[in-house]
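Notes follow the structure.
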There are 2 protein chains.
Amino acid sequence: MNTPFPSKPRIAIVGTGALGTYYGAYLARAGHDVHFLVRTGRAAMLARGLRIKTTTEKFHLKKVQVYGSTDEIGACDLVIVALKATSNDELKKLLPPLLGPATLVLTLQNGLGVEEPVAEVAGPDRVIGALCYIACERTAPGVVACRFPGVMTIGKFGKPAGERTHAVASMFSKAGVKCEAQDNLEEMRWRKLVWNVPFNGLAIAAGGVTTDVIMADDGLRTLARRIMEEVVEAAGKFGHEIPRSFVDLQFERTAKMGGYRPSSLIDFEDGKELELEEIWGEPVRRAKSVGAAVPRMEMLYWLIRHRLAARKGAKRKR
Amino acid sequence: MNTPFPSKPRIAIVGTGALGTYYGAYLARAGHDVHFLVRTGRAAMLARGLRIKTTTEKFHLKKVQVYGSTDEIGACDLVIVALKATSNDELKKLLPPLLGPATLVLTLQNGLGVEEPVAEVAGPDRVIGALCYIACERTAPGVVACRFPGVMTIGKFGKPAGERTHAVASMFSKAGVKCEAQDNLEEMRWRKLVWNVPFNGLAIAAGGVTTDVIMADDGLRTLARRIMEEVVEAAGKFGHEIPRSFVDLQFERTAKMGGYRPSSLIDFEDGKELELEEIWGEPVRRAKSVGAAVPRMEMLYWLIRHRLAARKGAKRKR
């Protein structure tokens with residue numbers, strides 16, 4: 001597996017929600033050979049291409065290569081998994097046609113346990129993961145509006161970042177997506193959970209509230225901090241030392257966000273699937289497996305899981 | 001204060017919600033001299049009296065003594081506080097006219113910290129408290145429908161039950177309300193909280209669900225048990241040993257309840273005040289003051305407190 005990452009890679013984007021569309025568009029604009037697997041809105045994307053609008057720029061790609069199956073795309077150098085984790089069961093079918101002898105697979109998914117389903121199909125050595133810090137929305141097929149630019153950090157699954165991971169990071173940076181390779185993907189994931197577990201979770205469990213509401217309520221704000229401390233303690237048991245200053249920084253940033261509606265709350269209120277297991281379930285299970293005390297995280301997991309089940313039940317009854 | 005409790009006591013019922021109406025009606029039916037302080041529906045009660053319907057009997061008292069102020073009632077031998085705890089600030093004004101040299105005050109309120117406001121006005125030696133096990137609803141002024149009869153246990157504030165507490169229990173029993181005096185009022189209160197904290201709380205925090213929904217969801221059911229264990233641990237720190245079998249019994253009984261809608265959920269959904277501090281806030285504060293770990297109880301308290309505040313905010317905006 002020492003084949004270097006090619007300078008003109010063939011790239012597949014699996015999934016064209018907000019993230020897949022956004023990152024694929026930047027790579028395509030930079031002249032890369034990008035192939036989009038599109039599940040809904042293929043005709044619209046063929047007819048009208050891609051439109052990206054951020055706070056600082058907007059651009060339109062008139063022609064994009066779109067496909068209805070990964071068989072039609074064939075082997076690539078880089079596969080970017082931009083499906084939601086709740087669709088990971090489909091990877092067994094979707095990935096094999098895209099894999100050549102030296103293909104890398106980059107998953108953009110949130111939470112814990114998202115590289116494993118890719119590794120099962122592609123082998124662990126091919127897998128890299130990204131943490132995307134971005135606030136964007138797909139407003140129509142091929143159309144993405146972005147309120148916060150798509151910074152990402154990437155890392156190799158189970159190992160420090162190698163040459164190829166750095167090459168992928170560099171490719172993104174050159175294409176206009178701020179990207180950095182780091183050596184500890186698992187720690188990066190835990191760090192992102194420090195914010196996501198409490199704020200995405202409480203936004204739902206407290207009855208559908210934005211971050212400013214959590215910050216303005218003494219109890220909820222203290223609760224968010226206690227939950228952050230539980231995540232930090234659990235991460236510590238896996239050897240990831242997250243300093244207290246990191247928790248403080250999360251709070252300072254959140255205080256400045258105003259009325260931010262976390263992505264999980266948007267999904268929940270829109271009746272969409274949630275990364276329940278990746279953001280809450282798996283972190284709770286891993287924490288408990290090493291004896292970390294996470295009573296509040298677990299309670300949050302159970303409350304959200306119930307709300308989701310109740311929502312499904314209500315849908316069935318309609 | 002060794003005056004014995006009179007065999008023909010003069011009784012005031014302060015508050016004619018479901019409980020005040022129900023217990024007052026039983027005492028009046030037994031021939032006692034009962035004086036009701038009525039805040040809403042006085043004309044209806046004067047015109048039509050009281051109607052009680054349980055699963056086994058119904059009765060109608062055509063004439064009852066109703067008043068608009070405690071000044072009009074004057075000194076009594078027994079004052080029954082049947083207001084909700086959220087109105088306890090009013091006791092400073094309401095109680096003094098009712099107090100003679102040997103008056104007892106019995107509070108029917110739930111939770112912790114409900115005898116203290118009575119003791120402040122009447123002195124601690126006059127105070128007794130009741131735990132009411134009852135499921136009833138006031139469907140109109142003077143009209144109460146009861147699905148589960150009003151069993152009560154009573155005890156003296158801060159002391160074992162004395163002769164007068166036993167006399168009050170005996171008066172209730174003779175009037176058709178199963179009543180027992182016990183020696184440890186505080187322990188009785190903690191025991192009732194073992195059920196009320198998790199089930200009344202989760203019914204609200206999980207999004208408005210009945211007890212059968214909690215029992216049918218693995219996560220919520222386990223959570224209810226963990227919260228019960230926290231209540232038991234906290235009670236233990238105050239010297240009240242509640243055996244594990246008590247927790248098991250609560251579960252067995254709840255499993256048989258079917259789709260029971262806890263009183264706090266009813267109040268919450270009807271837009272009424274809740275005993276937030278008495279059922280959740282004060283138990284959490286007392287538990288923490290003696291070093292008991294109650295992370296889930298506290299989280300439940302904060303979640304419900306927020307929901308209540310949000311409900312008030314929504315009302316103001318209308």
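Following the order of the structure tokens, chains are lettered A, B, ..., residues in each are numbered from 1, and ligands are numbered from 1.
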Could you write out chain B as an mmCIF file with C-alpha atoms, in the first residue's frame once it has been least-squares superposed on chain A using every ordered C-alpha pair?
data_model
loop_
_atom_site.group_PDB
_atom_site.id
_atom_site.type_symbol
_atom_site.label_atom_id
_atom_site.label_comp_id
_atom_site.auth_asym_id
_atom_site.auth_seq_id
_atom_site.Cartn_x
_atom_site.Cartn_y
_atom_site.Cartn_z
ATOM 1 C CA MET B 1 -0.017 -0.026 0.037
ATOM 2 C CA ASN B 2 2.826 2.390 -0.547
ATOM 3 C CA THR B 3 1.420 3.685 -3.817
ATOM 4 C CA PRO B 4 1.542 7.489 -3.482
ATOM 5 C CA PHE B 5 -1.707 9.412 -3.778
ATOM 6 C CA PRO B 6 -1.944 10.575 -7.431
ATOM 7 C CA SER B 7 -1.822 14.269 -8.258
ATOM 8 C CA LYS B 8 -4.813 13.829 -10.592
ATOM 9 C CA PRO B 9 -6.980 11.485 -8.549
ATOM 10 C CA ARG B 10 -10.245 10.008 -9.722
ATOM 11 C CA ILE B 11 -12.740 10.884 -6.977
ATOM 12 C CA ALA B 12 -16.162 9.479 -6.077
ATOM 13 C CA ILE B 13 -18.592 11.356 -3.849
ATOM 14 C CA VAL B 14 -21.045 8.896 -2.323
ATOM 15 C CA GLY B 15 -24.067 10.873 -1.242
ATOM 16 C CA THR B 16 -25.056 14.382 -2.275
ATOM 17 C CA GLY B 17 -26.561 15.861 0.842
ATOM 18 C CA ALA B 18 -25.150 19.189 1.993
ATOM 19 C CA LEU B 19 -21.635 17.892 2.757
ATOM 20 C CA GLY B 20 -21.158 15.730 -0.315
ATOM 21 C CA THR B 21 -22.385 18.468 -2.604
ATOM 22 C CA TYR B 22 -20.274 21.149 -0.905
ATOM 23 C CA TYR B 23 -16.935 19.325 -0.774
ATOM 24 C CA GLY B 24 -17.450 17.701 -4.164
ATOM 25 C CA ALA B 25 -18.153 21.084 -5.714
ATOM 26 C CA TYR B 26 -14.933 22.580 -4.314
ATOM 27 C CA LEU B 27 -12.904 19.641 -5.661
ATOM 28 C CA ALA B 28 -14.617 19.809 -9.061
ATOM 29 C CA ARG B 29 -14.113 23.553 -9.238
ATOM 30 C CA ALA B 30 -10.373 22.970 -8.656
ATOM 31 C CA GLY B 31 -10.326 20.813 -11.788
ATOM 32 C CA HIS B 32 -10.480 17.394 -10.173
ATOM 33 C CA ASP B 33 -12.204 14.455 -11.826
ATOM 34 C CA VAL B 34 -15.207 14.145 -9.497
ATOM 35 C CA HIS B 35 -18.000 11.582 -9.871
ATOM 36 C CA PHE B 36 -21.137 12.058 -7.828
ATOM 37 C CA LEU B 37 -23.389 9.207 -6.750
ATOM 38 C CA VAL B 38 -26.778 10.870 -6.550
ATOM 39 C CA ARG B 39 -29.813 9.241 -5.006
ATOM 40 C CA THR B 40 -32.393 12.000 -5.314
ATOM 41 C CA GLY B 41 -32.408 14.922 -7.741
ATOM 42 C CA ARG B 42 -30.156 13.445 -10.432
ATOM 43 C CA ALA B 43 -32.082 15.084 -13.284
ATOM 44 C CA ALA B 44 -31.912 18.488 -11.614
ATOM 45 C CA MET B 45 -28.158 18.170 -11.074
ATOM 46 C CA LEU B 46 -27.632 17.092 -14.702
ATOM 47 C CA ALA B 47 -29.679 20.020 -15.949
ATOM 48 C CA ARG B 48 -28.473 22.774 -13.629
ATOM 49 C CA GLY B 49 -25.146 21.647 -12.155
ATOM 50 C CA LEU B 50 -24.028 22.753 -8.713
ATOM 51 C CA ARG B 51 -24.456 26.081 -6.952
ATOM 52 C CA ILE B 52 -22.545 26.882 -3.774
ATOM 53 C CA LYS B 53 -23.040 30.014 -1.743
ATOM 54 C CA THR B 54 -20.998 30.821 1.346
ATOM 55 C CA THR B 55 -20.640 33.977 3.408
ATOM 56 C CA THR B 56 -17.692 35.061 1.265
ATOM 57 C CA GLU B 57 -18.208 33.609 -2.215
ATOM 58 C CA LYS B 58 -20.560 31.859 -4.564
ATOM 59 C CA PHE B 59 -19.951 29.764 -7.635
ATOM 60 C CA HIS B 60 -21.806 27.727 -10.192
ATOM 61 C CA LEU B 61 -20.529 24.565 -11.900
ATOM 62 C CA LYS B 62 -22.623 24.068 -14.995
ATOM 63 C CA LYS B 63 -21.594 20.506 -15.764
ATOM 64 C CA VAL B 64 -21.037 17.765 -13.227
ATOM 65 C CA GLN B 65 -20.641 14.001 -13.589
ATOM 66 C CA VAL B 66 -23.576 12.354 -11.878
ATOM 67 C CA TYR B 67 -24.455 8.657 -11.599
ATOM 68 C CA GLY B 68 -27.236 6.491 -10.268
ATOM 69 C CA SER B 69 -25.001 3.617 -9.157
ATOM 70 C CA THR B 70 -21.404 3.066 -8.105
ATOM 71 C CA ASP B 71 -21.084 0.400 -10.807
ATOM 72 C CA GLU B 72 -21.305 3.162 -13.394
ATOM 73 C CA ILE B 73 -18.574 5.127 -11.617
ATOM 74 C CA GLY B 74 -16.070 2.273 -11.260
ATOM 75 C CA ALA B 75 -12.726 2.272 -9.441
ATOM 76 C CA CYS B 76 -11.474 5.563 -7.959
ATOM 77 C CA ASP B 77 -8.391 6.781 -6.120
ATOM 78 C CA LEU B 78 -10.432 8.474 -3.442
ATOM 79 C CA VAL B 79 -13.965 7.675 -2.314
ATOM 80 C CA ILE B 80 -15.646 10.254 -0.095
ATOM 81 C CA VAL B 81 -18.470 8.785 1.981
ATOM 82 C CA ALA B 82 -20.928 11.616 2.502
ATOM 83 C CA LEU B 83 -23.946 9.515 3.404
ATOM 84 C CA LYS B 84 -25.426 9.834 6.829
ATOM 85 C CA ALA B 85 -24.176 7.117 9.190
ATOM 86 C CA THR B 86 -27.707 5.775 9.384
ATOM 87 C CA SER B 87 -27.207 4.517 5.789
ATOM 88 C CA ASN B 88 -23.966 2.656 6.528
ATOM 89 C CA ASP B 89 -25.604 -0.715 5.955
ATOM 90 C CA GLU B 90 -25.617 0.150 2.261
ATOM 91 C CA LEU B 91 -21.824 0.482 2.101
ATOM 92 C CA LYS B 92 -21.447 -3.272 1.540
ATOM 93 C CA LYS B 93 -23.180 -2.804 -1.797
ATOM 94 C CA LEU B 94 -22.044 0.706 -2.675
ATOM 95 C CA LEU B 95 -18.300 0.554 -2.050
ATOM 96 C CA PRO B 96 -16.922 -2.533 -3.831
ATOM 97 C CA PRO B 97 -17.290 -1.191 -7.413
ATOM 98 C CA LEU B 98 -15.359 1.923 -6.383
ATOM 99 C CA LEU B 99 -12.342 0.113 -4.951
ATOM 100 C CA GLY B 100 -9.152 -0.321 -6.934
ATOM 101 C CA PRO B 101 -5.907 -1.723 -5.533
ATOM 102 C CA ALA B 102 -4.886 1.570 -3.842
ATOM 103 C CA THR B 103 -8.200 3.349 -3.275
ATOM 104 C CA LEU B 104 -8.539 5.502 -0.153
ATOM 105 C CA VAL B 105 -11.952 5.920 1.463
ATOM 106 C CA LEU B 106 -12.619 9.092 3.422
ATOM 107 C CA THR B 107 -15.717 9.193 5.621
ATOM 108 C CA LEU B 108 -17.160 12.576 6.560
ATOM 109 C CA GLN B 109 -19.466 11.144 9.190
ATOM 110 C CA ASN B 110 -19.773 12.354 12.761
ATOM 111 C CA GLY B 111 -19.372 10.429 15.982
ATOM 112 C CA LEU B 112 -17.794 7.121 16.905
ATOM 113 C CA GLY B 113 -17.930 3.842 15.044
ATOM 114 C CA VAL B 114 -18.169 5.342 11.566
ATOM 115 C CA GLU B 115 -14.848 4.081 10.169
ATOM 116 C CA GLU B 116 -15.554 0.475 11.146
ATOM 117 C CA PRO B 117 -18.304 -0.180 8.558
ATOM 118 C CA VAL B 118 -16.033 1.255 5.845
ATOM 119 C CA ALA B 119 -13.080 -0.800 7.100
ATOM 120 C CA GLU B 120 -15.194 -3.950 6.947
ATOM 121 C CA VAL B 121 -15.691 -3.503 3.233
ATOM 122 C CA ALA B 122 -12.479 -1.770 2.167
ATOM 123 C CA GLY B 123 -10.002 -3.001 4.795
ATOM 124 C CA PRO B 124 -8.779 -0.809 7.685
ATOM 125 C CA ASP B 125 -5.625 0.408 5.944
ATOM 126 C CA ARG B 126 -7.574 2.306 3.287
ATOM 127 C CA VAL B 127 -9.757 4.259 5.674
ATOM 128 C CA ILE B 128 -9.385 7.908 6.620
ATOM 129 C CA GLY B 129 -11.893 10.004 8.489
ATOM 130 C CA ALA B 130 -12.729 13.702 8.549
ATOM 131 C CA LEU B 131 -14.220 15.966 11.143
ATOM 132 C CA CYS B 132 -16.110 18.652 9.277
ATOM 133 C CA TYR B 133 -16.668 21.970 10.990
ATOM 134 C CA ILE B 134 -19.318 23.475 8.786
ATOM 135 C CA ALA B 135 -22.834 24.877 8.932
ATOM 136 C CA CYS B 136 -24.523 24.351 5.614
ATOM 137 C CA GLU B 137 -27.771 23.231 4.168
ATOM 138 C CA ARG B 138 -28.820 21.669 0.887
ATOM 139 C CA THR B 139 -31.718 23.842 -0.205
ATOM 140 C CA ALA B 140 -32.356 21.923 -3.461
ATOM 141 C CA PRO B 141 -30.549 19.162 -5.400
ATOM 142 C CA GLY B 142 -27.110 20.565 -6.210
ATOM 143 C CA VAL B 143 -27.678 23.771 -4.265
ATOM 144 C CA VAL B 144 -25.919 24.397 -0.934
ATOM 145 C CA ALA B 145 -26.018 27.470 1.267
ATOM 146 C CA CYS B 146 -23.252 27.731 3.822
ATOM 147 C CA ARG B 147 -23.204 29.965 6.890
ATOM 148 C CA PHE B 148 -19.869 28.743 8.188
ATOM 149 C CA PRO B 149 -17.150 27.540 5.778
ATOM 150 C CA GLY B 150 -16.248 23.878 5.629
ATOM 151 C CA VAL B 151 -13.038 23.554 7.628
ATOM 152 C CA MET B 152 -11.970 19.937 8.125
ATOM 153 C CA THR B 153 -9.382 17.928 9.953
ATOM 154 C CA ILE B 154 -8.584 14.454 8.694
ATOM 155 C CA GLY B 155 -6.766 11.473 10.108
ATOM 156 C CA LYS B 156 -6.039 7.833 9.407
ATOM 157 C CA PHE B 157 -8.142 5.131 11.001
ATOM 158 C CA GLY B 158 -6.265 3.575 13.936
ATOM 159 C CA LYS B 159 -2.869 5.032 12.992
ATOM 160 C CA PRO B 160 -1.029 8.343 12.743
ATOM 161 C CA ALA B 161 -1.568 10.203 9.479
ATOM 162 C CA GLY B 162 0.703 8.892 6.716
ATOM 163 C CA GLU B 163 1.914 10.404 3.489
ATOM 164 C CA ARG B 164 -1.312 9.726 1.642
ATOM 165 C CA THR B 165 -3.487 11.258 4.372
ATOM 166 C CA HIS B 166 -1.343 14.381 4.161
ATOM 167 C CA ALA B 167 -1.696 14.336 0.368
ATOM 168 C CA VAL B 168 -5.504 14.265 0.665
ATOM 169 C CA ALA B 169 -5.422 17.162 3.165
ATOM 170 C CA SER B 170 -3.229 19.111 0.811
ATOM 171 C CA MET B 171 -5.586 18.411 -2.110
ATOM 172 C CA PHE B 172 -8.506 19.881 -0.129
ATOM 173 C CA SER B 173 -6.529 22.925 0.963
ATOM 174 C CA LYS B 174 -5.460 23.664 -2.611
ATOM 175 C CA ALA B 175 -9.109 23.377 -3.680
ATOM 176 C CA GLY B 176 -10.144 26.057 -1.176
ATOM 177 C CA VAL B 177 -11.274 23.892 1.744
ATOM 178 C CA LYS B 178 -9.146 24.544 4.800
ATOM 179 C CA CYS B 179 -7.942 21.089 5.771
ATOM 180 C CA GLU B 180 -5.337 19.729 8.133
ATOM 181 C CA ALA B 181 -4.132 16.167 8.703
ATOM 182 C CA GLN B 182 -3.725 15.142 12.337
ATOM 183 C CA ASP B 183 -2.245 12.063 13.933
ATOM 184 C CA ASN B 184 -5.003 10.938 16.223
ATOM 185 C CA LEU B 185 -8.328 10.539 14.470
ATOM 186 C CA GLU B 186 -9.993 8.947 17.508
ATOM 187 C CA GLU B 187 -9.043 11.852 19.751
ATOM 188 C CA MET B 188 -10.344 14.297 17.132
ATOM 189 C CA ARG B 189 -13.648 12.437 17.203
ATOM 190 C CA TRP B 190 -13.872 12.604 21.017
ATOM 191 C CA ARG B 191 -13.041 16.299 20.895
ATOM 192 C CA LYS B 192 -15.880 16.983 18.506
ATOM 193 C CA LEU B 193 -18.198 14.980 20.754
ATOM 194 C CA VAL B 194 -17.344 17.266 23.669
ATOM 195 C CA TRP B 195 -19.616 19.804 21.990
ATOM 196 C CA ASN B 196 -21.957 17.600 19.985
ATOM 197 C CA VAL B 197 -23.057 15.270 22.767
ATOM 198 C CA PRO B 198 -24.398 17.994 25.089
ATOM 199 C CA PHE B 199 -25.511 20.670 22.642
ATOM 200 C CA ASN B 200 -26.993 18.538 19.868
ATOM 201 C CA GLY B 201 -28.497 16.352 22.594
ATOM 202 C CA LEU B 202 -29.962 18.977 24.906
ATOM 203 C CA ALA B 203 -31.350 20.908 21.956
ATOM 204 C CA ILE B 204 -33.621 17.900 21.379
ATOM 205 C CA ALA B 205 -34.117 16.653 24.954
ATOM 206 C CA ALA B 206 -35.015 20.069 26.353
ATOM 207 C CA GLY B 207 -37.904 20.275 23.944
ATOM 208 C CA GLY B 208 -36.449 21.750 20.743
ATOM 209 C CA VAL B 209 -34.244 24.685 21.727
ATOM 210 C CA THR B 210 -31.403 26.626 20.159
ATOM 211 C CA THR B 211 -27.981 26.960 21.802
ATOM 212 C CA ASP B 212 -28.690 30.419 23.218
ATOM 213 C CA VAL B 213 -31.619 28.992 25.196
ATOM 214 C CA ILE B 214 -29.343 26.353 26.724
ATOM 215 C CA MET B 215 -26.737 29.000 27.559
ATOM 216 C CA ALA B 216 -29.336 31.307 29.169
ATOM 217 C CA ASP B 217 -30.774 28.640 31.500
ATOM 218 C CA ASP B 218 -28.621 28.043 34.621
ATOM 219 C CA GLY B 219 -29.619 24.406 34.893
ATOM 220 C CA LEU B 220 -29.194 23.495 31.225
ATOM 221 C CA ARG B 221 -25.904 25.367 30.968
ATOM 222 C CA THR B 222 -24.496 23.583 34.027
ATOM 223 C CA LEU B 223 -25.831 20.321 32.647
ATOM 224 C CA ALA B 224 -24.075 20.939 29.309
ATOM 225 C CA ARG B 225 -20.832 21.452 31.221
ATOM 226 C CA ARG B 226 -21.288 18.296 33.310
ATOM 227 C CA ILE B 227 -21.967 16.303 30.145
ATOM 228 C CA MET B 228 -18.865 17.797 28.513
ATOM 229 C CA GLU B 229 -16.875 16.711 31.571
ATOM 230 C CA GLU B 230 -18.247 13.191 31.204
ATOM 231 C CA VAL B 231 -17.123 13.095 27.562
ATOM 232 C CA VAL B 232 -13.691 14.404 28.572
ATOM 233 C CA GLU B 233 -13.394 11.790 31.326
ATOM 234 C CA ALA B 234 -14.377 8.998 28.951
ATOM 235 C CA ALA B 235 -11.900 10.214 26.316
ATOM 236 C CA GLY B 236 -9.216 10.279 29.011
ATOM 237 C CA LYS B 237 -9.776 6.594 29.728
ATOM 238 C CA PHE B 238 -8.877 5.931 26.090
ATOM 239 C CA GLY B 239 -5.672 7.905 26.483
ATOM 240 C CA HIS B 240 -6.936 11.135 24.930
ATOM 241 C CA GLU B 241 -6.117 13.933 27.335
ATOM 242 C CA ILE B 242 -8.471 16.819 26.609
ATOM 243 C CA PRO B 243 -7.538 19.841 28.741
ATOM 244 C CA ARG B 244 -10.060 21.792 30.798
ATOM 245 C CA SER B 245 -9.268 24.841 28.676
ATOM 246 C CA PHE B 246 -10.813 23.009 25.708
ATOM 247 C CA VAL B 247 -14.123 22.739 27.547
ATOM 248 C CA ASP B 248 -13.929 26.414 28.509
ATOM 249 C CA LEU B 249 -13.241 27.339 24.894
ATOM 250 C CA GLN B 250 -16.326 25.417 23.739
ATOM 251 C CA PHE B 251 -18.401 27.500 26.120
ATOM 252 C CA GLU B 252 -16.907 30.780 25.015
ATOM 253 C CA ARG B 253 -17.553 29.923 21.383
ATOM 254 C CA THR B 254 -21.096 28.746 22.064
ATOM 255 C CA ALA B 255 -21.883 31.954 23.917
ATOM 256 C CA LYS B 256 -20.985 33.852 20.755
ATOM 257 C CA MET B 257 -23.031 31.646 18.435
ATOM 258 C CA GLY B 258 -26.374 33.231 19.225
ATOM 259 C CA GLY B 259 -29.435 31.170 18.446
ATOM 260 C CA TYR B 260 -27.721 28.274 16.697
ATOM 261 C CA ARG B 261 -29.887 25.283 15.811
ATOM 262 C CA PRO B 262 -27.678 22.164 16.046
ATOM 263 C CA SER B 263 -27.798 19.835 13.043
ATOM 264 C CA SER B 264 -29.360 17.000 15.031
ATOM 265 C CA LEU B 265 -32.212 19.252 16.098
ATOM 266 C CA ILE B 266 -32.775 20.281 12.491
ATOM 267 C CA ASP B 267 -32.864 16.623 11.468
ATOM 268 C CA PHE B 268 -35.140 15.769 14.375
ATOM 269 C CA GLU B 269 -37.618 18.524 13.644
ATOM 270 C CA ASP B 270 -37.549 17.808 9.913
ATOM 271 C CA GLY B 271 -38.412 14.177 10.576
ATOM 272 C CA LYS B 272 -35.038 12.977 9.238
ATOM 273 C CA GLU B 273 -32.802 10.199 10.525
ATOM 274 C CA LEU B 274 -30.349 11.103 13.297
ATOM 275 C CA GLU B 275 -26.839 9.791 14.066
ATOM 276 C CA LEU B 276 -28.197 8.568 17.395
ATOM 277 C CA GLU B 277 -25.794 5.673 17.836
ATOM 278 C CA GLU B 278 -22.704 7.436 16.503
ATOM 279 C CA ILE B 279 -23.091 10.591 18.632
ATOM 280 C CA TRP B 280 -24.643 9.169 21.801
ATOM 281 C CA GLY B 281 -25.030 5.381 21.825
ATOM 282 C CA GLU B 282 -21.514 4.319 20.828
ATOM 283 C CA PRO B 283 -19.728 6.920 23.014
ATOM 284 C CA VAL B 284 -21.828 5.777 26.001
ATOM 285 C CA ARG B 285 -21.073 2.101 25.331
ATOM 286 C CA ARG B 286 -17.351 2.740 24.864
ATOM 287 C CA ALA B 287 -17.205 4.913 27.985
ATOM 288 C CA LYS B 288 -18.957 2.268 30.092
ATOM 289 C CA SER B 289 -16.755 -0.494 28.685
ATOM 290 C CA VAL B 290 -13.739 1.171 30.325
ATOM 291 C CA GLY B 291 -15.530 2.097 33.543
ATOM 292 C CA ALA B 292 -16.084 5.804 32.867
ATOM 293 C CA ALA B 293 -19.099 7.235 34.739
ATOM 294 C CA VAL B 294 -21.411 8.792 32.162
ATOM 295 C CA PRO B 295 -24.850 8.881 33.841
ATOM 296 C CA ARG B 296 -25.958 12.105 32.146
ATOM 297 C CA MET B 297 -24.753 11.092 28.691
ATOM 298 C CA GLU B 298 -26.586 7.821 29.052
ATOM 299 C CA MET B 299 -29.746 9.558 30.236
ATOM 300 C CA LEU B 300 -29.524 11.922 27.276
ATOM 301 C CA TYR B 301 -29.073 8.960 24.919
ATOM 302 C CA TRP B 302 -32.129 7.214 26.333
ATOM 303 C CA LEU B 303 -34.288 10.335 26.232
ATOM 304 C CA ILE B 304 -33.399 11.094 22.617
ATOM 305 C CA ARG B 305 -33.764 7.467 21.584
ATOM 306 C CA HIS B 306 -37.252 7.486 23.049
ATOM 307 C CA ARG B 307 -38.179 10.717 21.313
ATOM 308 C CA LEU B 308 -37.058 9.237 17.999
ATOM 309 C CA ALA B 309 -38.985 6.020 18.585
ATOM 310 C CA ALA B 310 -42.083 8.020 19.552
ATOM 311 C CA ARG B 311 -41.734 10.104 16.388
ATOM 312 C CA LYS B 312 -41.587 6.934 14.282
ATOM 313 C CA GLY B 313 -44.600 5.532 16.118
ATOM 314 C CA ALA B 314 -46.546 8.737 15.503
ATOM 315 C CA LYS B 315 -45.673 8.556 11.793
ATOM 316 C CA ARG B 316 -46.901 4.980 11.529
ATOM 317 C CA LYS B 317 -50.192 5.931 13.151
ATOM 318 C CA ARG B 318 -50.901 8.728 10.688
#
Pull the strand (DSSP E or B) assignments for segment 15-254 of chain A out of DSSP run on the backbone, and list those residues as a VMD selection string. chain A and resid 33 to 37 50 to 53 58 to 61 65 to 67 76 to 81 99 to 107 127 to 140 143 to 156 179 to 181
Which of segment 135-253 of chain B DSSP labels helix (DSSP H, G or I), written as a ChimeraX atom specification: /B:163-174,185-205,211-216,218-237,244-253
